[in-house]
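File shown here: my_file_35.cif, holding mmCIF, C-alpha atoms and all ligand atoms.
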data_structure
#
loop_
_atom_site.group_PDB
_atom_site.id
_atom_site.type_symbol
_atom_site.label_atom_id
_atom_site.label_comp_id
_atom_site.auth_asym_id
_atom_site.auth_seq_id
_atom_site.Cartn_x
_atom_site.Cartn_y
_atom_site.Cartn_z
ATOM 1 C CA MET A 1 48.704 -133.416 -140.274
ATOM 2 C CA PHE A 2 49.860 -130.531 -142.478
ATOM 3 C CA TRP A 3 46.998 -131.014 -144.964
ATOM 4 C CA GLU A 4 44.376 -131.716 -142.286
ATOM 5 C CA ASN A 5 45.241 -128.410 -140.611
ATOM 6 C CA LYS A 6 45.388 -126.548 -143.895
ATOM 7 C CA TYR A 7 41.871 -127.636 -144.911
ATOM 8 C CA LYS A 8 40.509 -127.192 -141.362
ATOM 9 C CA ASN A 9 41.808 -123.614 -141.176
ATOM 10 C CA GLU A 10 41.488 -122.425 -144.771
ATOM 11 C CA LYS A 11 38.775 -124.741 -146.225
ATOM 12 C CA PHE A 12 38.743 -124.079 -150.008
ATOM 13 C CA VAL A 13 42.446 -123.154 -150.010
ATOM 14 C CA TRP A 14 42.792 -122.212 -153.706
ATOM 15 C CA GLY A 15 39.191 -121.114 -154.266
ATOM 16 C CA GLU A 16 36.524 -123.028 -156.117
ATOM 17 C CA ASN A 17 37.784 -122.551 -159.672
ATOM 18 C CA PRO A 18 39.725 -125.420 -161.270
ATOM 19 C CA SER A 19 43.491 -125.690 -161.109
ATOM 20 C CA GLU A 20 45.555 -124.841 -164.188
ATOM 21 C CA LEU A 21 45.849 -128.577 -164.858
ATOM 22 C CA GLY A 22 42.064 -129.009 -164.603
ATOM 23 C CA LYS A 23 41.600 -126.371 -167.317
ATOM 24 C CA ILE A 24 44.361 -127.831 -169.502
ATOM 25 C CA THR A 25 42.863 -131.335 -169.173
ATOM 26 C CA VAL A 26 39.424 -130.182 -170.313
ATOM 27 C CA GLN A 27 40.923 -128.163 -173.217
ATOM 28 C CA TYR A 28 42.911 -131.215 -174.362
ATOM 29 C CA LEU A 29 39.920 -133.572 -174.133
ATOM 30 C CA LYS A 30 37.712 -131.117 -176.018
ATOM 31 C CA SER A 31 40.209 -130.523 -178.793
ATOM 32 C CA ASN A 32 40.764 -134.274 -179.175
ATOM 33 C CA ASN A 33 37.029 -135.080 -179.319
ATOM 34 C CA LEU A 34 37.151 -137.096 -176.129
ATOM 35 C CA ILE A 35 34.319 -135.422 -174.252
ATOM 36 C CA ASN A 36 31.530 -137.842 -175.113
ATOM 37 C CA LYS A 37 33.216 -141.182 -174.630
ATOM 38 C CA ASN A 38 31.975 -142.030 -171.130
ATOM 39 C CA LEU A 39 35.526 -142.069 -169.852
ATOM 40 C CA GLU A 40 36.542 -143.275 -166.413
ATOM 41 C CA LEU A 41 38.735 -140.758 -164.643
ATOM 42 C CA LEU A 42 40.780 -140.713 -161.466
ATOM 43 C CA ASP A 43 42.099 -137.580 -159.737
ATOM 44 C CA ILE A 44 44.930 -138.479 -157.336
ATOM 45 C CA GLY A 45 45.375 -136.060 -154.423
ATOM 46 C CA CYS A 46 42.139 -134.328 -155.444
ATOM 47 C CA GLY A 47 41.937 -132.068 -152.370
ATOM 48 C CA TYR A 48 38.399 -130.687 -151.993
ATOM 49 C CA GLY A 49 37.584 -131.744 -155.552
ATOM 50 C CA ARG A 50 37.729 -128.509 -157.550
ATOM 51 C CA ASP A 51 39.089 -130.333 -160.642
ATOM 52 C CA VAL A 52 36.777 -133.333 -160.265
ATOM 53 C CA LEU A 53 33.799 -130.996 -160.309
ATOM 54 C CA TYR A 54 35.065 -128.891 -163.216
ATOM 55 C CA ILE A 55 35.959 -131.909 -165.374
ATOM 56 C CA SER A 56 32.599 -133.565 -164.662
ATOM 57 C CA MET A 57 30.785 -130.379 -165.744
ATOM 58 C CA ASN A 58 32.627 -130.369 -169.084
ATOM 59 C CA ILE A 59 33.216 -134.016 -169.953
ATOM 60 C CA ASN A 60 30.842 -136.939 -170.124
ATOM 61 C CA CYS A 61 32.579 -139.219 -167.644
ATOM 62 C CA LYS A 62 32.624 -141.058 -164.352
ATOM 63 C CA ILE A 63 35.155 -139.599 -161.897
ATOM 64 C CA LEU A 64 36.752 -140.813 -158.709
ATOM 65 C CA GLY A 65 38.681 -138.307 -156.586
ATOM 66 C CA ILE A 66 40.914 -139.643 -153.839
ATOM 67 C CA ASP A 67 42.756 -137.808 -151.103
ATOM 68 C CA SER A 68 44.421 -138.897 -147.868
ATOM 69 C CA SER A 69 43.045 -135.854 -146.010
ATOM 70 C CA LYS A 70 39.762 -136.560 -144.256
ATOM 71 C CA GLU A 71 38.997 -132.828 -144.075
ATOM 72 C CA ALA A 72 39.503 -132.417 -147.836
ATOM 73 C CA ILE A 73 37.107 -135.263 -148.573
ATOM 74 C CA ILE A 74 34.490 -133.837 -146.171
ATOM 75 C CA LEU A 75 34.675 -130.548 -148.126
ATOM 76 C CA ALA A 76 34.617 -132.391 -151.467
ATOM 77 C CA LYS A 77 31.522 -134.382 -150.532
ATOM 78 C CA LYS A 78 29.536 -131.151 -150.131
ATOM 79 C CA SER A 79 29.142 -131.164 -153.918
ATOM 80 C CA LYS A 80 26.659 -133.873 -154.732
ATOM 81 C CA LYS A 81 26.705 -134.740 -158.394
ATOM 82 C CA LYS A 82 25.898 -137.895 -160.269
ATOM 83 C CA ASP A 83 28.900 -139.862 -161.568
ATOM 84 C CA ILE A 84 31.299 -138.352 -159.035
ATOM 85 C CA GLU A 85 32.775 -140.300 -156.142
ATOM 86 C CA PHE A 86 35.158 -139.024 -153.495
ATOM 87 C CA ARG A 87 37.145 -141.452 -151.405
ATOM 88 C CA HIS A 88 39.286 -140.828 -148.347
ATOM 89 C CA CYS A 89 42.337 -142.973 -149.054
ATOM 90 C CA ASP A 90 46.050 -143.000 -149.748
ATOM 91 C CA PHE A 91 47.003 -143.604 -153.393
ATOM 92 C CA LYS A 92 48.948 -146.643 -152.179
ATOM 93 C CA ASP A 93 45.652 -148.251 -151.106
ATOM 94 C CA LEU A 94 44.030 -148.095 -154.550
ATOM 95 C CA ASP A 95 43.006 -151.497 -155.903
ATOM 96 C CA ASP A 96 43.615 -152.707 -159.466
ATOM 97 C CA THR A 97 40.647 -150.843 -161.021
ATOM 98 C CA LYS A 98 41.834 -149.260 -164.258
ATOM 99 C CA PHE A 99 41.138 -145.760 -165.628
ATOM 100 C CA ASP A 100 41.097 -144.113 -169.061
ATOM 101 C CA ILE A 101 42.445 -140.885 -167.630
ATOM 102 C CA ILE A 102 44.426 -140.017 -164.529
ATOM 103 C CA THR A 103 44.898 -136.426 -163.427
ATOM 104 C CA SER A 104 47.052 -135.205 -160.575
ATOM 105 C CA SER A 105 47.470 -131.514 -159.911
ATOM 106 C CA ASN A 106 50.387 -130.337 -157.786
ATOM 107 C CA PHE A 107 50.614 -133.642 -155.949
ATOM 108 C CA TYR A 108 53.873 -135.151 -157.246
ATOM 109 C CA GLN A 109 55.807 -132.244 -155.724
ATOM 110 C CA ILE A 110 54.831 -133.111 -152.145
ATOM 111 C CA LEU A 111 56.026 -136.715 -152.392
ATOM 112 C CA LYS A 112 59.454 -137.910 -151.266
ATOM 113 C CA LYS A 113 61.527 -139.929 -153.766
ATOM 114 C CA GLN A 114 60.287 -143.299 -152.497
ATOM 115 C CA GLU A 115 56.668 -142.149 -152.684
ATOM 116 C CA ARG A 116 57.164 -140.642 -156.133
ATOM 117 C CA ASN A 117 58.405 -144.059 -157.250
ATOM 118 C CA ALA A 118 55.365 -145.687 -155.639
ATOM 119 C CA LEU A 119 53.056 -143.258 -157.456
ATOM 120 C CA ILE A 120 54.711 -144.038 -160.800
ATOM 121 C CA LYS A 121 54.243 -147.763 -160.113
ATOM 122 C CA THR A 122 50.582 -147.210 -159.231
ATOM 123 C CA ILE A 123 49.931 -145.128 -162.357
ATOM 124 C CA SER A 124 51.615 -147.679 -164.605
ATOM 125 C CA LYS A 125 49.424 -150.389 -163.062
ATOM 126 C CA ILE A 126 46.043 -148.632 -163.269
ATOM 127 C CA LEU A 127 46.239 -146.548 -166.439
ATOM 128 C CA LYS A 128 44.474 -148.423 -169.255
ATOM 129 C CA PRO A 129 46.265 -149.118 -172.544
ATOM 130 C CA ASN A 130 46.049 -145.875 -174.536
ATOM 131 C CA GLY A 131 45.018 -144.130 -171.308
ATOM 132 C CA LEU A 132 46.188 -140.576 -170.635
ATOM 133 C CA LEU A 133 48.015 -139.035 -167.703
ATOM 134 C CA PHE A 134 47.710 -135.298 -166.972
ATOM 135 C CA LEU A 135 50.144 -134.183 -164.299
ATOM 136 C CA SER A 136 51.315 -130.833 -162.963
ATOM 137 C CA THR A 137 54.213 -130.378 -160.570
ATOM 138 C CA LEU A 138 56.399 -127.473 -159.500
ATOM 139 C CA SER A 139 59.488 -126.676 -161.569
ATOM 140 C CA VAL A 140 62.985 -125.828 -160.333
ATOM 141 C CA ASN A 141 62.230 -122.454 -161.977
ATOM 142 C CA ASP A 142 59.263 -121.785 -159.669
ATOM 143 C CA PRO A 143 59.655 -118.130 -158.622
ATOM 144 C CA GLU A 144 57.443 -118.445 -155.529
ATOM 145 C CA HIS A 145 59.012 -121.230 -153.476
ATOM 146 C CA PHE A 146 62.204 -122.629 -155.038
ATOM 147 C CA GLY A 147 65.087 -122.236 -152.594
ATOM 148 C CA GLU A 148 62.756 -121.311 -149.707
ATOM 149 C CA GLY A 149 62.701 -123.267 -146.428
ATOM 150 C CA ILE A 150 65.174 -125.881 -145.233
ATOM 151 C CA PRO A 151 67.003 -127.899 -147.917
ATOM 152 C CA ILE A 152 66.661 -131.665 -147.416
ATOM 153 C CA SER A 153 70.117 -133.160 -147.236
ATOM 154 C CA GLY A 154 70.854 -135.784 -149.882
ATOM 155 C CA GLU A 155 67.738 -134.869 -151.860
ATOM 156 C CA PRO A 156 68.397 -132.378 -154.634
ATOM 157 C CA ASN A 157 65.803 -129.649 -155.220
ATOM 158 C CA SER A 158 63.797 -130.628 -152.120
ATOM 159 C CA TYR A 159 62.905 -128.340 -149.203
ATOM 160 C CA GLN A 160 60.900 -128.408 -146.010
ATOM 161 C CA ILE A 161 58.478 -125.486 -146.521
ATOM 162 C CA GLY A 162 55.826 -126.280 -143.918
ATOM 163 C CA THR A 163 55.607 -129.594 -145.721
ATOM 164 C CA TYR A 164 58.055 -131.449 -147.968
ATOM 165 C CA VAL A 165 58.256 -129.888 -151.456
ATOM 166 C CA HIS A 166 60.254 -131.242 -154.386
ATOM 167 C CA PHE A 167 60.948 -129.215 -157.530
ATOM 168 C CA CYS A 168 61.392 -131.140 -160.779
ATOM 169 C CA THR A 169 63.653 -130.719 -163.778
ATOM 170 C CA TYR A 170 62.684 -131.560 -167.354
ATOM 171 C CA ASP A 171 65.120 -134.505 -167.536
ATOM 172 C CA GLU A 172 63.846 -135.946 -164.281
ATOM 173 C CA LEU A 173 60.228 -136.013 -165.452
ATOM 174 C CA LYS A 174 61.223 -137.427 -168.843
ATOM 175 C CA ARG A 175 63.032 -140.233 -167.004
ATOM 176 C CA ASP A 176 60.379 -140.817 -164.291
ATOM 177 C CA PHE A 177 57.559 -141.131 -166.841
ATOM 178 C CA ASN A 178 59.480 -142.956 -169.561
ATOM 179 C CA PHE A 179 56.914 -145.780 -169.507
ATOM 180 C CA LEU A 180 54.553 -143.331 -171.245
ATOM 181 C CA ASN A 181 54.661 -141.744 -174.642
ATOM 182 C CA ILE A 182 55.120 -138.141 -173.503
ATOM 183 C CA GLU A 183 52.984 -135.979 -175.791
ATOM 184 C CA LYS A 184 53.643 -132.707 -173.971
ATOM 185 C CA LEU A 185 56.073 -131.598 -171.305
ATOM 186 C CA TYR A 186 56.371 -127.868 -170.823
ATOM 187 C CA GLU A 187 56.650 -125.180 -168.174
ATOM 188 C CA HIS A 188 53.475 -123.271 -167.449
ATOM 189 C CA GLU A 189 53.569 -119.919 -165.653
ATOM 190 C CA TYR A 190 50.505 -118.726 -163.733
ATOM 191 C CA TYR A 191 49.183 -116.728 -160.802
ATOM 192 C CA GLU A 192 47.320 -118.768 -158.206
ATOM 193 C CA PRO A 193 44.754 -117.046 -155.982
ATOM 194 C CA ARG A 194 44.326 -118.194 -152.394
ATOM 195 C CA VAL A 195 41.493 -117.760 -149.903
ATOM 196 C CA THR A 196 43.854 -115.843 -147.634
ATOM 197 C CA GLY A 197 43.904 -113.076 -150.294
ATOM 198 C CA ASP A 198 47.515 -113.816 -151.357
ATOM 199 C CA VAL A 199 48.338 -114.577 -154.968
ATOM 200 C CA HIS A 200 51.206 -116.969 -155.691
ATOM 201 C CA HIS A 201 53.346 -116.748 -158.832
ATOM 202 C CA HIS A 202 54.229 -120.258 -160.013
ATOM 203 C CA ILE A 203 55.956 -122.156 -162.768
ATOM 204 C CA SER A 204 54.831 -125.786 -162.968
ATOM 205 C CA TRP A 205 55.579 -128.558 -165.409
ATOM 206 C CA ILE A 206 52.608 -129.825 -167.357
ATOM 207 C CA LEU A 207 53.034 -133.403 -168.490
ATOM 208 C CA ILE A 208 50.600 -135.172 -170.811
ATOM 209 C CA GLY A 209 51.473 -138.795 -171.521
ATOM 210 C CA LYS A 210 49.815 -141.734 -173.227
ATOM 211 C CA ASN A 211 50.143 -145.336 -172.135
ATOM 212 C CA ILE A 212 51.133 -146.900 -175.422
ATOM 213 C CA VAL A 213 51.225 -150.645 -174.982
ATOM 214 C CA THR A 214 52.986 -152.492 -177.772
HETATM 215 C C1 LIG B 301 48.838 -129.403 -153.110
HETATM 216 S S1 LIG B 301 47.401 -130.320 -152.673
HETATM 217 C C2 LIG B 301 46.607 -130.379 -154.263
HETATM 218 C C3 LIG B 301 45.113 -130.591 -154.167
HETATM 219 C C4 LIG B 301 44.362 -130.623 -155.501
HETATM 220 N N1 LIG B 301 44.975 -131.496 -156.473
HETATM 221 C C5 LIG B 301 44.178 -129.241 -156.072
HETATM 222 O O1 LIG B 301 44.948 -128.854 -156.967
HETATM 223 O O2 LIG B 301 43.259 -128.534 -155.627
HETATM 224 C C6 LIG B 301 48.001 -131.984 -152.457
HETATM 225 C C7 LIG B 301 46.953 -132.963 -151.927
HETATM 226 O O3 LIG B 301 47.523 -134.276 -151.825
HETATM 227 C C8 LIG B 301 46.947 -134.934 -150.695
HETATM 228 N N2 LIG B 301 47.812 -136.078 -150.315
HETATM 229 C C9 LIG B 301 49.015 -136.041 -149.681
HETATM 230 N N3 LIG B 301 49.544 -137.283 -149.591
HETATM 231 C C10 LIG B 301 48.655 -138.129 -150.172
HETATM 232 C C11 LIG B 301 48.644 -139.541 -150.412
HETATM 233 N N4 LIG B 301 49.665 -140.315 -150.013
HETATM 234 N N5 LIG B 301 47.584 -140.089 -151.062
HETATM 235 C C12 LIG B 301 46.541 -139.302 -151.477
HETATM 236 N N6 LIG B 301 46.505 -137.960 -151.275
HETATM 237 C C13 LIG B 301 47.540 -137.367 -150.642
HETATM 238 C C14 LIG B 301 46.844 -133.834 -149.652
HETATM 239 O O4 LIG B 301 45.912 -134.141 -148.645
HETATM 240 C C15 LIG B 301 46.427 -132.636 -150.533
HETATM 241 O O5 LIG B 301 45.030 -132.519 -150.605
#

Encoded form using structure tokens:
Amino acid sequence: MFWENKYKNEKFVWGENPSELGKITVQYLKSNNLINKNLELLDIGCGYGRDVLYISMNINCKILGIDSSKEAIILAKKSKKKDIEFRHCDFKDLDDTKFDIITSSNFYQILKKQERNALIKTISKILKPNGLLFLSTLSVNDPEHFGEGIPISGEPNSYQIGTYVHFCTYDELKRDFNFLNIEKLYEHEYYEPRVTGDVHHHISWILIGKNIVT
């Protein structure tokens, strides 16, 4: 309900420019000569599709964006572009279709431990051998929200701030994504504009990992 209301009331919550992760993904793919390979991409928790659109404008690929908010997918579907599909579904309902690249911007942080584990299982199942994961998620050093709201008992670094929000440590992400060869894991500081006129100051982890299958 939280996300339905958010998109109903605010529509394009973070504006129409890509997220920081969207920009980082495109930069990485360009600098690694991966823009003309007809890649198959999946954006998990794509919201109204700002990253799907941006990536598709810069990379030669086929992209699926999924989100469990019906409102978000209605907004996303307003952009009609070839080779883009938006689907209203929970990540747990994805089938076994495999992808070269999976992106997920600021989604991991809103999942409880059990759901984070389910997401990891899903990613490990549907990321192709040598496939890449691009993930951003709030850090325990986030200056905007860490320590705000009601702490969740028994769950370290987790708060109820309108919705559930979990803040990650470096060691936690290293451990959670140890099935990948982690190429990059670093804190990224940025200012995020919002349609309400506010600007949020964030520090998120950026994780880039490759599915090396031996
Ligand atoms: C913080 S928003 C990020 C949206 C988008 N990635 C962006 O950066 O613009 C998190 C999104 O996850 C979606 N979501 C929450 N639980 C989900 C689930 N179980 N499966 C798929 N999407 C989910 C919400 O509806 C929301 O759009």

Using the chain letters and numbers from the file, give me the residues hit by the PyMOL selection byres (((not hetatm)) within 6 of (chain B and resi 301)), as a compact mmCIF listing (two decimals) with C-alpha atoms, keeping the file's coordinate frame.
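New file out_30.txt:
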# COMPACT_ATOMS: atom_id res chain seq x y z
CA TRP A 3 47.00 -131.01 -144.96
CA SER A 19 43.49 -125.69 -161.11
CA GLY A 45 45.38 -136.06 -154.42
CA CYS A 46 42.14 -134.33 -155.44
CA GLY A 47 41.94 -132.07 -152.37
CA ARG A 50 37.73 -128.51 -157.55
CA ASP A 67 42.76 -137.81 -151.10
CA SER A 68 44.42 -138.90 -147.87
CA SER A 69 43.04 -135.85 -146.01
CA ASP A 90 46.05 -143.00 -149.75
CA PHE A 91 47.00 -143.60 -153.39
CA SER A 104 47.05 -135.21 -160.57
CA SER A 105 47.47 -131.51 -159.91
CA ASN A 106 50.39 -130.34 -157.79
CA PHE A 107 50.61 -133.64 -155.95

| message | Please report the interatomic distance between CA of Ala118 in chain A and CA of Asn211 in chain A in Å with one decimal. | response | 17.3 Å

| query | Which residues come within 8 Å of Val52 in chain A, counting only C-alpha atoms, excluding same-chain residues fewer than 5 positions away, as a count of residues only? | reply | 6

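For the residues A:Cys168, A:Leu53, A:Leu94, A:Ile44, ranking by smallest atom-to-atom distance to Lys125 in chain A using all atoms listed in the file places A:Leu94 first.
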
| Shell of 9 Å around Phe99 in chain A, only C-alpha atoms, local chain residues under 2 positions omitted, as number ranges by chain | A: 39-42, 97, 101-102, 126-128, 131-132

| task | Find the residues near range 169-177 of chain A: any atom within 9 Å, counting only C-alpha atoms, skip ones fewer than 5 places away on the same chain, and give them as a list in words. | result |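 Within the cut-off, the hits are Arg116, Asn117, Ile120, Ser139, Val140, Asn141, Asn157, Ile182, Leu185, Tyr186, Glu187, Trp205, Leu207 and Gly209 of chain A.
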
| said: Could you check which residues have any atom within 12 Å of (64.5, -131.0, -152.7), counting all atoms listed in the file with coordinates taken straight from the file, and then list them as a PyMOL selection string? | reply: chain A and resi 109-113+138-140+145-161+163-169

| said: Just the number, please: distance in Å from CA of Ile208 in chain A to CA of Asn181 in chain A, one decimal. | reply: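 These two atoms are separated by 8.6 Å.
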
| request: Let me know the residues the PyMOL selection byres (((chain A and resi 192) around 8) and not hetatm) catches in the file above, as a list in words. | output: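 Output from the PyMOL selection byres (((chain A and resi 192) around 8) and not hetatm), applied to this file: Trp14, Tyr190, Tyr191, Pro193, Arg194, Val199, His200, His201 and His202 of chain A.
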